[in-house]
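A.B. asks: My questions all concern the structure below.
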Amino acid sequence: MADPQVSGRATIEEVAAAAGVSRSTVSRVVNGSTAVSPHALAAVRDAIARLGYVPNRAARSLALRQTHAIALVVPEDTRRFFGDPYFGAVVAGISDRVARSDYILNLLIASDDPGGRMTGFVRNGGVDGAIILSHHNSDAFVDRIVEAVPVVFGGRRTNGGDDDWFVDVDNVTGARQAVEHLRRIGRRRIATVTGPLSMAGGVDRLAGFRARLAEDGLEPFAEIAGDYSEASGARAAQELLARAAAPAGALPDAVFAASDLMARGVLRTLRGAGVRIPEDVAIVGFDDSPVALSTDPPLTTIRQPMHAQGEALAGVLIDRLTGSAPPHRTTLGTELVVRGSA
């Protein structure tokens with residue numbers, strides 16, 4: 001009778017007989033164990049190649065209590081996920097890297113997990129590890145996932161520790177690059193629309209914005225809270241217009257928005273009110289997503305390597321799952337892209 005762990009043209013017993021070793025030695029070689037002598041390892045590998053032996057991965061995974069599946073957990077509502085091109089680019093990078101491995105990808109999107117179904121799926125053996133992307137410090141269910149499986153975060157956690165694994169971009173430097181450019185073209189009254197301050201990316205971009213202004217002895221013209229959405233950028237622009245309409249009020253001469261979607265909301269709202277872009281107000285976004293080319297004029301922005309982020313996230317997690325020792329922190333660079341809005 002054929003061995004239940006085998007598919008293909010040969011059984012594990014036939015490989016063992018051809019190699020002159022025991023069945024357990026073949027099993028150790030197939031499962032990647034180092035407890036095999038060099039002579040036995042070479043003999044087993046030669047027999048596998050000659051006989052065309054193919055392990056049954058499903059049976060092997062069951063024996064090892066592995067699923068060969070990875071969860072991508074996104075604690076956002078579906079409208080934000082499907083409406084922001086950032087996610088599409090990062091997920092494409094994750095998918096490309098996973099496709100080059102033995103793992104499959106499960107996508108889990110939920111702004112909260114009140115019934116515990118998503119957490120239960122992960123904790124009850126549904127996956128071997130998880131990538132958590134776009135997390136907020138209020139996402140309590142994230143900690144329950146971290147307790148259960150190896151996790152890599154897309155962006156550092158504001159409430160994380162030194163034992164977190166994460167892949168991030170240099171958000172502080174990116175914001176500094178934005179302000180540096182605005183200062184270089186002579187702007188002094190510079191406002192910002194921040195990302196969510198419950199997320200490290202939002203905190204870091206605000207910190208870089210403030211730090212670069214301070215080097216020139218300048219204060220922020222305004223700091224208005226946003227949530228990375230186009231609607232929050234439009235609301236911020238309306239607030240700036242209201243301030244300018246007050247006695248002794250004025251518009252900023254530049255705005256740094258912490259995402260391209262928010263920058264588009266600012267640009268469209270200001271232009272709709274008759275403000276000239278960039279003559280009256282220069283605008284810089286962050287991402288260099290397709291959104292940056294959808295405005296009139298096109299957005300000057302800070303490019304973050306979103307596809308590379310995704311590939312790095314999956315790569316670090318796969319390394320962890322396969323016994324390698326990847327660095328806890330991976331930080332990718334940013335780049336200024338100059339277009340018509342500034």
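In the structure tokens, the first chain shown is A, the next is B, and so on; residue numbers restart at 1 for each chain, and ligands run from 1 in the order shown.
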Please list as a JSON list (two decimals) with N, CA and C atoms, in the first residue's frame every residue within 8 Å of A:Arg320, counting only C-alpha atoms and excluding residues in the same chain fewer than 5 positions away.

C.D. replies:
[["chain", "number", "residue", "atom", "x", "y", "z"],
["A", 150, "PRO", "N", 3.81, 34.08, 14.91],
["A", 150, "PRO", "CA", 4.79, 35.10, 14.52],
["A", 150, "PRO", "C", 4.13, 36.19, 13.70],
["A", 325, "ALA", "N", 16.85, 34.32, 10.75],
["A", 325, "ALA", "CA", 16.85, 35.36, 11.78],
["A", 325, "ALA", "C", 16.89, 36.73, 11.13],
["A", 326, "PRO", "N", 15.76, 37.19, 10.57],
["A", 326, "PRO", "CA", 15.75, 38.52, 9.94],
["A", 326, "PRO", "C", 15.86, 39.63, 10.97]]

A.B. asks: Within 9 Å of A:Asp296, counting only C-alpha atoms, which residues show up once you throw out same-chain ones fewer than 5 positions away? Write them as a PyMOL selection string, please.

C.D. replies: chain A and resi 267-268+277+340-341

A.B. asks: Kindly save the residues from that selection, with C-alpha atoms included, as an mmCIF file, in the first residue's frame.

C.D. replies:
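Generated file (part.cif):
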data_model
loop_
_atom_site.group_PDB
_atom_site.id
_atom_site.type_symbol
_atom_site.label_atom_id
_atom_site.label_comp_id
_atom_site.auth_asym_id
_atom_site.auth_seq_id
_atom_site.Cartn_x
_atom_site.Cartn_y
_atom_site.Cartn_z
ATOM 1 C CA LEU A 267 -6.047 70.894 -3.762
ATOM 2 C CA ARG A 268 -9.535 70.405 -5.153
ATOM 3 C CA ILE A 277 -2.157 76.209 -7.112
ATOM 4 C CA GLY A 340 3.145 71.046 -10.775
ATOM 5 C CA SER A 341 1.513 71.511 -7.366
#

A.B. asks: Figure out the distance between atom CA of A:Ala245 and atom CA of A:Arg210, please, to one decimal in Å.

C.D. replies: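 So the answer is 25.5 Å.
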
A.B. asks: I'd like the contact shell of stretch 166-168 of chain A - 7 Å cut-off, only C-alpha atoms, skipping same-chain residues fewer than 2 positions apart - returned as a short mmCIF file (atom, residue, chain, number, x, y, z; two decimals) with N, CA and C atoms, in the first residue's frame.

C.D. replies:
data_model
loop_
_atom_site.label_atom_id
_atom_site.label_comp_id
_atom_site.auth_asym_id
_atom_site.auth_seq_id
_atom_site.Cartn_x
_atom_site.Cartn_y
_atom_site.Cartn_z
N VAL A 152 4.66 40.16 11.70
CA VAL A 152 5.47 41.29 11.21
C VAL A 152 4.51 42.44 10.94
N PHE A 153 4.85 43.62 11.42
CA PHE A 153 4.00 44.79 11.29
C PHE A 153 4.42 45.65 10.10
N GLY A 154 3.44 46.16 9.38
CA GLY A 154 3.69 47.17 8.37
C GLY A 154 3.72 48.53 9.04
N GLY A 155 4.90 48.99 9.39
CA GLY A 155 5.06 50.21 10.19
C GLY A 155 5.22 49.85 11.66
N ARG A 156 6.05 50.62 12.34
CA ARG A 156 6.25 50.34 13.77
C ARG A 156 4.99 50.67 14.55
N ASP A 164 9.25 43.63 18.66
CA ASP A 164 8.42 43.66 17.46
C ASP A 164 9.29 43.50 16.22
N ASP A 170 11.01 55.60 6.12
CA ASP A 170 11.55 56.66 6.97
C ASP A 170 10.62 57.86 6.89
N GLN A 309 7.83 47.63 0.10
CA GLN A 309 7.39 47.40 1.47
C GLN A 309 6.69 46.06 1.59
N ALA A 312 9.09 43.18 1.32
CA ALA A 312 9.90 43.05 2.52
C ALA A 312 9.09 42.48 3.68
N LEU A 313 7.84 42.91 3.82
CA LEU A 313 6.98 42.38 4.89
C LEU A 313 6.84 40.87 4.77
N HIS A 328 14.89 42.80 13.25
CA HIS A 328 13.60 43.24 13.80
C HIS A 328 13.07 44.46 13.06
N ARG A 329 13.96 45.32 12.61
CA ARG A 329 13.54 46.56 11.99
C ARG A 329 14.09 46.66 10.57
N THR A 330 13.21 46.92 9.63
CA THR A 330 13.62 47.18 8.25
C THR A 330 13.01 48.52 7.86
N THR A 331 13.87 49.49 7.50
CA THR A 331 13.40 50.83 7.17
C THR A 331 13.82 51.18 5.75
N LEU A 332 12.84 51.55 4.92
CA LEU A 332 13.09 51.89 3.53
C LEU A 332 13.08 53.40 3.35
#

A.B. asks: Using atom CA of A:Arg339 and atom CA of A:Thr269 as the two end points, give the distance in Å to one decimal.

C.D. replies: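 Value for the atom CA of A:Arg339-atom CA of A:Thr269 distance: 18.8 Å.
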